[in-house]
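Here is the structure we will look at, set down as structure tokens.
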Amino acid sequence: MADLYHLAYVSDVMLLQPDEEPAQTLVDSRLQNILETAAKNNQQSDITGALLFSGRHFAQVLEGPEAAINDRFRLISQDTRHHNVTPLLYEPAGERQFKGWSMALCMPEDLDSPPAIANSKPSPGSVEAGNLGRGIVASLAAAIDKRASKAG
């Protein structure tokens with residue numbers, strides 16, 4: 001597929017409003033809502049990918065047609081459930097890493113070597129950003145492959 005792109009970004013989680021008490025059930029509910037909405041919208045747009053949720057940060061990889069990726073990232077950038085959205089990687093991809101996953105969820109414990117996203121906000125377009133983005137793609141893809149191996 002010549003028009004297949006990977007996009008990876010990191011952001012700071014804002015699932016609770018400043019006046020809300022931290023409640024795990026509320027966070028879980030809002031995270032579930034994000035996953036369900038993303039899965040539905042991504043499936044309609046031929047986008048696949050995975051979301052890493054660390055509690056304080058998101059790292060997400062989207063893959064699909066360039067126009068669909070651009071549209072989805074524009075919406076993500078405007079979403080108030082996170083801020084400091086930092087694009088890391090945006091490049092053509094040879095093949096899908098998340099085939100069959102309109103939106104998979106990973107937690108840090110799912111990864112053999114979690115990428116250092118908490119303190120790392122490289123400049124978009126920099127070599128460091130690209131390397132971190134590729135590391136996120138690889139880490140999430142490995143976690144999904146491991147999950148599929150256990151299930152099958």
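The chains in the structure tokens are called A, B, ... from first to last as shown; in each chain the residues are counted from 1, and the ligands are counted from 1 in the order shown.
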
Please report as CSV every residue of stretch 40-64 of chain A lying within 7 Å of stretch 84-102 of chain A, along with the nearest atom pair and their distance in Å (one decimal), using only C-alpha atoms.
```
residue,atom,partner,partner_atom,distance
A:Asn42,CA,A:Ser102,CA,5.6
A:Gln43,CA,A:Ser102,CA,5.5
A:Ile47,CA,A:Ser102,CA,6.2
A:Thr48,CA,A:Ser102,CA,4.3
A:Gly49,CA,A:Phe98,CA,5.4
A:Glu63,CA,A:Arg96,CA,6.8
```

**OP:** Identify all residues of chain A in strand (DSSP E) (DSSP on the backbone) and supply them as number ranges by chain.
**Re:** A: 4-13, 48-53, 57-65, 82-92, 104-106

Original post:
Could you write out, as a ChimeraX atom specification, all the residues of chain A that DSSP marks as helix (DSSP H, G or I)?
Top reply: /A:24-44,66-78,108-110,127-151

Show me, as a CSV table (one decimal) with N, CA, C and O atoms, in the first residue's frame, the residues that have an atom within 12 Å of A:Ala68 when counting only C-alpha atoms, minus same-chain residues fewer than 6 positions from it.
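Printed below is around_4.csv as written:
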```
chain,number,residue,atom,x,y,z
A,3,ASP,N,0.2,4.4,0.1
A,3,ASP,CA,-0.3,5.5,0.8
A,3,ASP,C,-0.4,5.2,2.3
A,3,ASP,O,-1.2,5.8,3.1
A,4,LEU,N,0.3,4.2,2.8
A,4,LEU,CA,0.3,3.8,4.2
A,4,LEU,C,1.3,4.6,5.0
A,4,LEU,O,2.5,4.7,4.7
A,5,TYR,N,0.8,5.3,6.1
A,5,TYR,CA,1.7,6.1,6.9
A,5,TYR,C,1.6,5.7,8.4
A,5,TYR,O,0.6,5.2,8.8
A,6,HIS,N,2.7,5.9,9.1
A,6,HIS,CA,2.7,5.8,10.5
A,6,HIS,C,2.8,7.1,11.1
A,6,HIS,O,3.5,8.0,10.7
A,7,LEU,N,2.0,7.3,12.2
A,7,LEU,CA,2.1,8.5,13.0
A,7,LEU,C,2.2,8.1,14.4
A,7,LEU,O,1.4,7.3,14.9
A,41,ASN,N,-14.3,4.9,14.9
A,41,ASN,CA,-13.9,5.9,13.9
A,41,ASN,C,-12.7,5.4,13.1
A,41,ASN,O,-12.7,5.7,11.9
A,42,ASN,N,-11.8,4.8,13.7
A,42,ASN,CA,-10.6,4.3,13.0
A,42,ASN,C,-11.0,3.2,12.0
A,42,ASN,O,-10.5,3.2,10.9
A,43,GLN,N,-11.9,2.3,12.4
A,43,GLN,CA,-12.4,1.3,11.5
A,43,GLN,C,-13.0,1.9,10.2
A,43,GLN,O,-12.7,1.4,9.1
A,44,GLN,N,-13.8,2.9,10.4
A,44,GLN,CA,-14.4,3.6,9.3
A,44,GLN,C,-13.4,4.3,8.4
A,44,GLN,O,-13.7,4.5,7.2
A,45,SER,N,-12.3,4.7,8.9
A,45,SER,CA,-11.3,5.4,8.1
A,45,SER,C,-10.1,4.5,7.7
A,45,SER,O,-9.1,5.1,7.2
A,46,ASP,N,-10.1,3.2,7.9
A,46,ASP,CA,-9.1,2.3,7.5
A,46,ASP,C,-7.8,2.6,8.3
A,46,ASP,O,-6.7,2.5,7.8
A,47,ILE,N,-7.9,3.0,9.6
A,47,ILE,CA,-6.8,3.3,10.5
A,47,ILE,C,-6.7,2.1,11.5
A,47,ILE,O,-7.7,1.7,12.0
A,48,THR,N,-5.5,1.7,11.7
A,48,THR,CA,-5.2,0.7,12.8
A,48,THR,C,-4.2,1.4,13.7
A,48,THR,O,-3.5,2.4,13.4
A,62,LEU,N,-0.7,5.5,15.1
A,62,LEU,CA,-1.8,5.3,14.1
A,62,LEU,C,-1.2,5.0,12.8
A,62,LEU,O,-0.1,5.5,12.4
A,74,ARG,N,-5.5,15.8,13.5
A,74,ARG,CA,-6.1,17.1,13.7
A,74,ARG,C,-7.1,17.1,14.8
A,74,ARG,O,-7.1,17.9,15.7
A,75,LEU,N,-7.9,16.1,14.8
A,75,LEU,CA,-9.0,15.9,15.9
A,75,LEU,C,-8.3,15.6,17.2
A,75,LEU,O,-8.7,16.1,18.3
```

Contact check, stretch 41-119 of chain A to stretch 129-145 of chain A, at most 8 Å, counting only C-alpha atoms, closest pairs as a tab-separated table:
```
residue	atom	partner	partner_atom	distance
A:Ala50	CA	A:Leu140	CA	6.7
A:Leu52	CA	A:Leu140	CA	7.6
A:Ala59	CA	A:Ile136	CA	7.4
A:Gln60	CA	A:Ile136	CA	7.9
A:Val61	CA	A:Val137	CA	6.3
A:Pro87	CA	A:Ala129	CA	7.8
A:Leu88	CA	A:Ala129	CA	4.5
A:Leu89	CA	A:Gly133	CA	5.0
A:Gln97	CA	A:Ala141	CA	5.8
A:Phe98	CA	A:Ala141	CA	6.5
A:Ala104	CA	A:Ile144	CA	7.8
A:Cys106	CA	A:Leu140	CA	7.1
A:Asp110	CA	A:Ala143	CA	5.9
A:Leu111	CA	A:Ala143	CA	5.5
A:Asp112	CA	A:Ser139	CA	7.4
A:Ser113	CA	A:Ser139	CA	6.9
A:Pro114	CA	A:Ser139	CA	6.7
A:Pro115	CA	A:Ile136	CA	6.1
```

Subject >> Residue among A:His57, A:Pro122, A:Leu35, A:Tyr9 lying closest to A:Phe73, counting only C-alpha atoms >> reply: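 Nearest candidate to A:Phe73 out of A:His57, A:Pro122, A:Leu35, A:Tyr9: A:Tyr9.
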
Original post:
Using only C-alpha atoms, which residue out of A:Ile69, A:Leu105, A:Ile76, A:Val13 lies closest to A:Glu36?
Top reply: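 The closest residue to A:Glu36 is A:Leu105.
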
**OP:** State, in Å with one decimal place, the distance from atom CA of A:Asp71 to atom CA of A:Pro108.
**Re:**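 Taking atom CA of A:Asp71 as the start and atom CA of A:Pro108 as the end point, the length is 27.6 Å.
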
**OP:** Between atom CA of A:Phe58 and atom CA of A:Ala38, measure the distance and give it in Å to one decimal.
**Re:**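 It comes out at 13.8 Å.
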
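In this structure, atom CA of A:His83 sits 24.8 Å away from atom CA of A:Pro65.
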